[in-house]
Every structure is written in C-alpha cells, then in structure tokens.
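Visitor: Before anything else, here's the structure in question.
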Amino acid sequence: MERRLKSTKMPKIDLKNLTITKAHAAMNAGDFSAVELAQAYLDSAAAKNSGANGGPGINAYLEIYDDVIEQAKEADARFKAKKATLLTGIPFAIKDNILIKSRVASAASKMLEKYHAVYDATVIEKLKKEGVVFIGRANMDEFAMGGSTENSAFGVTKNPHDTTRVAGGSSGGSAAAVAMDGALVALGSDTGGSIRQPASFCGLVGLKPTYGAVSRNGVMAMGSSLDQIGPFAKTVTDAEIIFNAIRGLDPLDSTTISDKTYSPKKSDAGAGTKPVIGVPRHFLGGDGIDKTVLENFNESLEKLKKLGYEIRDIELPNIGYSLAVYYIVMPAEVSSNLSRFDGVKYGLHVDGKTGIDDYFETRAAGFGREVRRRILLGTYVLSSGYYDAYYNRANAVRRIITEDFNKAFEKVDIIVTPTTPAPAFKIGEKTADPVAMYLEDIFTVTANLTGMPAMTVPSGFSEVAGGAKLPLGFQMTARHGDEATLFEVGKDFMDESNSTI
Ligand code: GLN
C-alpha cells in the first residue's frame with residue numbers, strides 16, 4: 001500500500017465496469033487509492049464535460065469541485081485507520097438542487113446562480129459521514145421542471161450515448177455524469193420521473209424511493225407531496241447500497257418514515273415463491289408508444305418468465321388520468337414553493353422602481369419560461385373558483401389511482417411498464433411543444449402520485465437511423481415501503497443475484 005501510494009505511476013482503473021463493491025474491495029486491498037480513483041474520474045470528466053480540445057461537451061457538470069483530491073485524501077486516511085465503510089472514497093455527482101454546505105446550489109436557475117448553501121441536506125450529511133467524494137454539481141432542468149435538461153439556464157446536457165440527443169431530465173446531469181464515467185454514482189431528485197427517465201435514457205439503474213423513505217430536508221422543494229431523492233448507479237446492488245445509506249427517519253422532514261414502519265404484505269402466490277409480476281396491458285396499447293419500446297418490453301417479460309416469474313395481467317382502471325392529475329397537483333405545489341424567491345431573502349435581486357417592482361423584476365429576470373409557465377398554471381388551479389374544479393378534483397382522482405394500485409397489489413408484487421414511451425429524443429425536438437414534453441412522463445408520474453417506490457433497470461437498446469444504439473429502460477413499481485422486492489427482482493433481471501453487499 002505504502003509503496004503504491006508513493007509510486008508516481010497511476011494504476012489503470014477500468015471505470016466502465018467499476019461498481020461500489022469492486023471499488024471498495026480494490027481500495028481496501030490497496031490496488032488503487034481513493035486519490036487515484038478520484039483522479040481517474042476527474043480526468044474522464046474533464047475530457048468529456050466540456051467541448052474544448054475536441055471534447056464532446058456533455059455538460060453533465062455545472063461545476064467540478066477544486067477540492068476533490070483533498071476529499072479523497074480524507075477517504076484514504078479512513079482506509080488507513082480501518083474506518084472505511086462501503087461508500088468511503090466513492091465518487092458521487094450531486095444534482096444541483098441538493099444542498100452541500102458552502103457550495104453553490106443553483107437549481108440550474110439564474111435565480112440562484114450565486115447562492116451558496118448554508119447547511120447540508122440530510123442525505124449529504126449522511127454521505128459525508130461515510131466519507132464519499134463529491135466530484136461536482138450536476139446540471140438539471142431549472143428547479144427540476146422538465147424532462148430533457150433543456151430548461152437549464154446553463155446549457156443542455158448531451159446524452160453520452162449519442163451527443164445529438166438529450167440525456168433526459170430533470171436530473172440529466174446526474175445520469176450523464178455516471179454514463180460518461182465522470183462519477184461512479186450520483187444522486188438526483190424525482191418528482192414525476194426525473195431520476196427514472198434520465199437513468200433509462202442513459203442506460204442506468206435509477207430508483208425513486210417510497211415517499212418518505214429518504215429525507216427531503218435540503219433538497220429544493222418542487223412538488224412537496226411528490227419529491228424524493230434517489231440514486232443513479234450502474235447496478236441494482238449499488239443503488240441499494242446508496243438507498244440504505246441515505247434512507248431513514250429525519251426530524252427535519254416530518255414526512256419521513258422509519259425503516260421499520262413497513263412490512264409489506266405479499267401477494268397470494270404463497271410463501272417461498274418468486275414475486276408475481278403484474279402487467280397493465282390495457283395501458284400499453286396507445287399510439288404514443290414507440291414500437292421498439294414495446295418489443296423490448298415484451299422481451300423483458302419473456303426474460304422474467306424464463307427466470308421463473310409468474311406474469312399476470314392486471315387492471316388499473318384510472319391510470320390513464322395520472323398525467324392530467326400530475327400536471328395539476330405538481331404546478332399547484334410549484335407555485336406555492338417558488339413564492340419564496342422574492343428577491344429579498346436570498347438569491348437574485350433586481351432593483352425596480354418601488355418595492356413591489358423589485359419582486360416582479362426579480363422573478364421575471366430570474367425564472368426561465370417553463371418555470372414561469374408552471375407558476376402561472378399552479379396559481380390558476382389554486383385560485384378561487386377553480387380550486388374545487390381542478391385542484392380538489394385532481395386530489396380525489398389521485399386517491400382513486402392509489403386505491404387501484406393497492407387493489408392490484410393484492411394479486412401481484414411488482415407492476416411493470418416501460419420507463420419511457422420512446423428512447424432519448426433529439427435535442428430541440430420537443431422544446432417548442434410543452435405538451436409533447438409532458439407526455440414523456442406518462443409511465444413515471446404514477447409512482448410519485450401514489451408514493452410507491454419505482455426503479456428503472458436497463459433492458460437493452462433501440463437501434464435508430466444513423467446507427468446510434470439508444471438505451472431503454474424497464475420500470476418496476478412495488479408496494480409502499482417495499483424497495484426490497486424491487487431490488488430482488490431487479491438483481492435477478494440484471495443477473496446480479498449472486499452479488500453480495
Ligand atoms: N418531467 C417531469 C416534469 O417536468 C418530472 C420532473 C421531476 O421529476 N422533477 O415535471
């Protein structure tokens with residue numbers, strides 16, 4: 001170990017195939033140090049993030065930190081002192097709406113371009129205790145509103161699999177950072193699909209935990225009844241490791257639930273059998289779904305069948321209303337949550353003529369088009385006279401959708417759909433049509449509305465004209481609090497069943 005650290009020759013680290021468990025074992029054995037690992041990711045991130053020197057200009061990071069090596073040295077000291085945990089020295093990308101004390105957290109908005117966080121988010125506090133290494137802050141759609149990272153005030157994130165296409169959103173930077181080997185894993189936030197959709201577009205595992213499983217303290221609020229923080233990783237095992245590190249009851253978020261609160265019931269399949277898989281076929285027949293996505297989905301079902309899973313058709317009679325309900329509830333919460341950006345307390349301040357003009361001018365200058373659109377929509381659905389017609393009705397339907405899922409979960413343990421209706425689309429393809437962009441979320445919003453955990457796993461590729469191979473994702477939703485079954489089936493699906501944590 002000592003000899004290696006002194007040596008000036010950097011070990012060649014196979015970043016493509018690296019996982020948390022492999023990196024941990026290698027650092028423990030002294031095959032490479034946390035500093036060497038961090039340097040390898042920094043080199044890769046530097047080569048790919050910017051467009052300078054012929055680089056692809058992925059723009060996954062809005063900032064790559066200048067103290068990464070310092071952080072990694074602390075991780076090495078923990079290894080030396082035999083105090084390392086599984087996550088010690090593991091390089092993370094963090095979405096730019098999660099607070100890390102003293103660092104900029106902009107939510108990819110001009111409003112917060114120069115804002116420095118004054119405290120650590122609970123998830124960050126937990127990761128710091130483990131001694132992880134933060135590589136940088138990842139690009140996103142402004143305030144997490146969007147599905148392509150094109151709403152970032154600081155430029156789009158390109159998909160590392162095909163740089164003419166989006167990486168997805170809103171956590172596109174987190175997904176691209178991992179897919180371009182600019183970090184081993186990442187954190188994102190998911191209000192309507194913002195972890196799962198970019199993970200699917202970039203060929204990764206992405207988990208939206210049960211509402212309340214992970215503290216929201218220190219993530220900038222978008223839709224408070226929908227938001228969750230979750231991991232991006234290359235394997236289900238890695239996602240599980242991160243989930244276990246960040247979950248848990250937190251006095252600073254009263255909606256959090258204890259790890260021990262839930263012991264989900266199983267379906268009627270009987271003890272000892274594999275979880276039963278449910279398919280809402282009636283929801284998969286629409287025109288909006290790409291043919292290759294459906295083919296790939298059916299192949300995924302075949303794969304599960306071969307692995308010995310029973311597949312049952314299920315009915316979710318009201319799932320078709322999910323998108324409409326989401327696009328009422330979410331903007332209502334957005335309009336309320338974003339009222340705090342008033343140009344007075346923190347963030348951007350633009351001088352108007354009078355006090356109230358300051359407010360208008362600041363919000364007009366600080367917020368981009370999509371954010372303003374949602375504030376307007378939200379204010380509308382909450383206004384007197386429309387509150388009952390839109391907001392209350394949406395909430396009632398939200399409850400009915402949840403009941404549909406609860407009923408389906410009496411017969412099955414996991415409900416599966418494609419993660420997205422099509423693979424990654426071209427940059428600029430949907431920017432002129434907000435509704436086309438909203439339709440991207442058709443399969444993902446339901447898990448946020450019901451609060452249930454959902455995970456996407458890579459399920460293969462779609463070949464498109466021009467020769468690029470675009471990743472596709474397979475989404476699994478489980479009962480409230482039942483991430484364990486997601487991990488079990490996900491590992492089986494990805495052939496990680498023998499992996500040990
Ligand atoms: N694409 C969805 C939206 O635009 C999801 C956003 C999110 O999960 N933060 O609202």
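Identifiers for the structure tokens are assigned positionally: chains receive A, B, ... in sequence, residues are indexed from 1 per chain, and ligands are indexed from 1 in the order shown.
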Which protein, DNA or RNA residues have an atom within 10 Å of ligand 1, counting only C-alpha atoms and all ligand atoms, as a ChimeraX atom specification?

Guide: /A:140-149,151,168-171,188-198,208,221-223,226-229,323,326-327,330-331,334,370-371,374,434,437-442,444-445,448

Visitor: Pick out the residues sitting within 9 Å of Ile311 (chain A), and hand them over as number ranges by chain; count only C-alpha atoms, and ignore anything fewer than 5 positions along from it in its own chain.

Guide: A: 276-279, 301, 304-305, 412

Visitor: Near Leu127 (chain A), within 12 Å and counting only C-alpha atoms, which residues show up once chain neighbours fewer than 4 positions away are dropped, as number ranges by chain?

Guide: A: 75, 85-94, 100, 120-123, 131-134, 186-187, 241-247

Visitor: Have a look at CA of Met476 (chain A) and CA of Thr417 (chain A) and let me know their distance in Å, one decimal.

Guide: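 According to the coordinates, CA of Met476 (chain A) and CA of Thr417 (chain A) are separated by 6.8 Å.
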
Visitor: Expressed in Å to a single decimal, how great is the separation between CA of Met455 (chain A) and CA of Ala396 (chain A)?

Guide: 25.8 Å

Visitor: May I have the residues within 10 Å of region 45-56 of chain A as a VMD selection string, using only C-alpha atoms and disregarding those fewer than 6 positions away in the same chain?

Guide: chain A and resid 39 62 to 64 135 to 136 157 to 160 162 to 163 176 to 178 180 to 183

Visitor: Once you count only C-alpha atoms, what closest atom pair and distance in Å to one decimal does each residue of region 178-265 of chain A within 10 Å of region 480-501 of chain A have, with rows by chain and rising residue number, as a Markdown table?

Guide:
| residue | atom | partner | partner_atom | distance |
| --- | --- | --- | --- | --- |
| A:Val205 | CA | A:Gly490 | CA | 9.1 |
| A:Leu207 | CA | A:Glu483 | CA | 9.1 |
| A:Lys208 | CA | A:Glu483 | CA | 9.5 |
| A:Pro209 | CA | A:Glu483 | CA | 7.1 |
| A:Thr210 | CA | A:Gly481 | CA | 5.6 |
| A:Tyr211 | CA | A:His480 | CA | 8.1 |
| A:Gly212 | CA | A:Gly481 | CA | 9.1 |
| A:Ala213 | CA | A:Gly481 | CA | 7.5 |
| A:Thr235 | CA | A:Met494 | CA | 7.8 |
| A:Val236 | CA | A:Lys491 | CA | 5.8 |
| A:Thr237 | CA | A:Lys491 | CA | 7.1 |
| A:Asp238 | CA | A:Ile501 | CA | 8.7 |
| A:Ala239 | CA | A:Phe487 | CA | 8.6 |
| A:Glu240 | CA | A:Phe487 | CA | 6.9 |
| A:Ile241 | CA | A:Ile501 | CA | 7.5 |
| A:Phe243 | CA | A:Glu483 | CA | 9.2 |
| A:Ile257 | CA | A:Gly481 | CA | 9.0 |
| A:Ser258 | CA | A:Gly481 | CA | 9.8 |
| A:Asp259 | CA | A:Gly481 | CA | 8.4 |
| A:Lys260 | CA | A:Gly481 | CA | 9.4 |
| A:Thr261 | CA | A:Gly481 | CA | 8.2 |
| A:Tyr262 | CA | A:Gly481 | CA | 5.7 |
| A:Ser263 | CA | A:Gly481 | CA | 7.4 |
| A:Pro264 | CA | A:Asp482 | CA | 6.1 |
| A:Lys265 | CA | A:Asp482 | CA | 9.1 |

Visitor: Output N, CA and C atoms for every residue in the selection just made, as a short mmCIF file (atom, residue, chain, number, x, y, z; two decimals), in the first residue's frame.

Guide:
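Final output, saved to selection13.cif:
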data_model
loop_
_atom_site.label_atom_id
_atom_site.label_comp_id
_atom_site.auth_asym_id
_atom_site.auth_seq_id
_atom_site.Cartn_x
_atom_site.Cartn_y
_atom_site.Cartn_z
N VAL A 205 -29.36 2.26 -13.80
CA VAL A 205 -30.39 1.96 -12.82
C VAL A 205 -30.73 3.27 -12.11
N LEU A 207 -33.51 4.82 -9.03
CA LEU A 207 -34.55 4.48 -8.04
C LEU A 207 -35.23 5.72 -7.51
N LYS A 208 -36.58 5.72 -7.57
CA LYS A 208 -37.39 6.72 -6.87
C LYS A 208 -37.92 5.99 -5.64
N PRO A 209 -37.39 6.29 -4.46
CA PRO A 209 -37.82 5.56 -3.27
C PRO A 209 -39.26 5.88 -2.88
N THR A 210 -39.79 5.08 -1.96
CA THR A 210 -41.11 5.34 -1.36
C THR A 210 -41.13 6.76 -0.82
N TYR A 211 -42.25 7.47 -1.02
CA TYR A 211 -42.36 8.81 -0.45
C TYR A 211 -42.13 8.73 1.06
N GLY A 212 -41.17 9.50 1.55
CA GLY A 212 -40.89 9.48 2.99
C GLY A 212 -39.75 8.55 3.39
N ALA A 213 -39.28 7.73 2.45
CA ALA A 213 -38.17 6.83 2.80
C ALA A 213 -36.87 7.63 2.97
N THR A 235 -25.51 -0.61 -11.31
CA THR A 235 -26.11 -1.89 -10.90
C THR A 235 -27.17 -1.66 -9.83
N VAL A 236 -28.06 -2.64 -9.70
CA VAL A 236 -29.10 -2.58 -8.68
C VAL A 236 -28.44 -2.63 -7.29
N THR A 237 -27.41 -3.45 -7.18
CA THR A 237 -26.71 -3.56 -5.89
C THR A 237 -26.18 -2.21 -5.44
N ASP A 238 -25.59 -1.46 -6.36
CA ASP A 238 -25.07 -0.13 -6.00
C ASP A 238 -26.20 0.81 -5.59
N ALA A 239 -27.31 0.75 -6.32
CA ALA A 239 -28.45 1.61 -5.98
C ALA A 239 -28.95 1.27 -4.58
N GLU A 240 -28.96 -0.02 -4.27
CA GLU A 240 -29.41 -0.47 -2.95
C GLU A 240 -28.48 0.02 -1.84
N ILE A 241 -27.18 -0.04 -2.12
CA ILE A 241 -26.21 0.42 -1.11
C ILE A 241 -26.45 1.91 -0.80
N PHE A 243 -29.21 3.68 -1.37
CA PHE A 243 -30.53 3.84 -0.72
C PHE A 243 -30.42 3.57 0.77
N ILE A 257 -40.40 8.23 7.06
CA ILE A 257 -40.89 7.04 7.74
C ILE A 257 -39.69 6.22 8.20
N SER A 258 -39.86 5.52 9.29
CA SER A 258 -38.77 4.70 9.79
C SER A 258 -38.60 3.47 8.90
N ASP A 259 -37.38 2.96 8.85
CA ASP A 259 -37.10 1.74 8.08
C ASP A 259 -38.00 0.60 8.55
N LYS A 260 -38.44 0.72 9.80
CA LYS A 260 -39.16 -0.42 10.41
C LYS A 260 -40.67 -0.27 10.31
N THR A 261 -41.14 0.85 9.75
CA THR A 261 -42.58 1.09 9.72
C THR A 261 -43.33 0.07 8.88
N TYR A 262 -42.73 -0.30 7.77
CA TYR A 262 -43.46 -1.11 6.80
C TYR A 262 -42.95 -2.54 6.70
N SER A 263 -43.89 -3.46 6.73
CA SER A 263 -43.52 -4.83 6.39
C SER A 263 -44.57 -5.27 5.38
N PRO A 264 -44.37 -4.89 4.13
CA PRO A 264 -45.41 -5.06 3.11
C PRO A 264 -45.89 -6.50 3.00
N LYS A 265 -47.17 -6.61 2.79
CA LYS A 265 -47.78 -7.93 2.57
C LYS A 265 -47.35 -8.48 1.23
#

Visitor: Among the residues of region 233-405 of chain A, find those DSSP assigns to strand (DSSP E or B) from the backbone and print them as number ranges by chain.

Guide: A: 233, 247, 250, 253, 277-279, 311-313

Visitor: Please write the residues from the selection above to a file, keeping N, CA and C atoms, as a PDB file, in the first residue's frame.

Guide:
ATOM      1  N   ALA A 233     -27.089   4.521 -10.574  1.00  0.00           N
ATOM      2  CA  ALA A 233     -25.956   3.606 -10.475  1.00  0.00           C
ATOM      3  C   ALA A 233     -25.939   2.699 -11.695  1.00  0.00           C
ATOM      4  N   ARG A 247     -31.449   6.599   3.481  1.00  0.00           N
ATOM      5  CA  ARG A 247     -32.836   6.498   3.943  1.00  0.00           C
ATOM      6  C   ARG A 247     -32.936   6.749   5.455  1.00  0.00           C
ATOM      7  N   ASP A 250     -36.153  11.308   9.806  1.00  0.00           N
ATOM      8  CA  ASP A 250     -35.399  12.543  10.000  1.00  0.00           C
ATOM      9  C   ASP A 250     -36.313  13.579  10.649  1.00  0.00           C
ATOM     10  N   ASP A 253     -37.646  16.358   8.459  1.00  0.00           N
ATOM     11  CA  ASP A 253     -38.668  16.146   7.431  1.00  0.00           C
ATOM     12  C   ASP A 253     -39.737  15.250   8.050  1.00  0.00           C
ATOM     13  N   ILE A 277     -45.437 -10.863 -11.041  1.00  0.00           N
ATOM     14  CA  ILE A 277     -45.291  -9.638 -11.840  1.00  0.00           C
ATOM     15  C   ILE A 277     -46.634  -9.280 -12.482  1.00  0.00           C
ATOM     16  N   GLY A 278     -47.057  -8.044 -12.342  1.00  0.00           N
ATOM     17  CA  GLY A 278     -48.311  -7.590 -12.937  1.00  0.00           C
ATOM     18  C   GLY A 278     -48.071  -6.648 -14.113  1.00  0.00           C
ATOM     19  N   VAL A 279     -48.869  -6.840 -15.171  1.00  0.00           N
ATOM     20  CA  VAL A 279     -48.708  -6.012 -16.372  1.00  0.00           C
ATOM     21  C   VAL A 279     -50.042  -5.325 -16.710  1.00  0.00           C
ATOM     22  N   ILE A 311     -46.310 -14.153 -14.598  1.00  0.00           N
ATOM     23  CA  ILE A 311     -46.725 -12.841 -15.093  1.00  0.00           C
ATOM     24  C   ILE A 311     -48.259 -12.825 -15.156  1.00  0.00           C
ATOM     25  N   ARG A 312     -48.886 -11.833 -14.547  1.00  0.00           N
ATOM     26  CA  ARG A 312     -50.352 -11.735 -14.585  1.00  0.00           C
ATOM     27  C   ARG A 312     -50.760 -10.392 -15.174  1.00  0.00           C
ATOM     28  N   ASP A 313     -51.814 -10.410 -15.975  1.00  0.00           N
ATOM     29  CA  ASP A 313     -52.389  -9.145 -16.446  1.00  0.00           C
ATOM     30  C   ASP A 313     -53.178  -8.515 -15.311  1.00  0.00           C
TER      31      ASP A 313
END

Visitor: Determine, counting only C-alpha atoms, which protein, DNA and RNA residues have an atom within 7 Å of an atom of Ser102 (chain A); residues of the same chain fewer than 4 positions away are not included. Present the result as a count of residues only.

Guide: 3

Visitor: Using DSSP on the backbone coordinates, identify the residues of region 55-269 of chain A assigned to alpha helix (DSSP H); present them as a ChimeraX atom specification.

Guide: /A:68-80,122-130,172-179,196-201,236-246

Visitor: A:Ile13, A:Ala408, A:Leu307, A:Leu37: which is nearest Lys274 (chain A), counting only C-alpha atoms?

Guide: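 Closest candidate: A:Leu307.
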
Visitor: Return the single residue from A:Asn337, A:Ser200, A:Ser215, A:Asn59 that is closest to Gly460 (chain A), with distances computed using only C-alpha atoms.

Guide: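 Among A:Asn337, A:Ser200, A:Ser215, A:Asn59, it is A:Ser200 that comes nearest to Gly460 (chain A).
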
Visitor: For a quick check of understanding, using only C-alpha atoms, which of A:Arg479, A:Lys426, A:Arg369, A:Arg399 has the smallest distance to Ser152 (chain A)?

Guide: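 Of A:Arg479, A:Lys426, A:Arg369, A:Arg399, the one nearest Ser152 (chain A), counting only C-alpha atoms, is A:Arg369.
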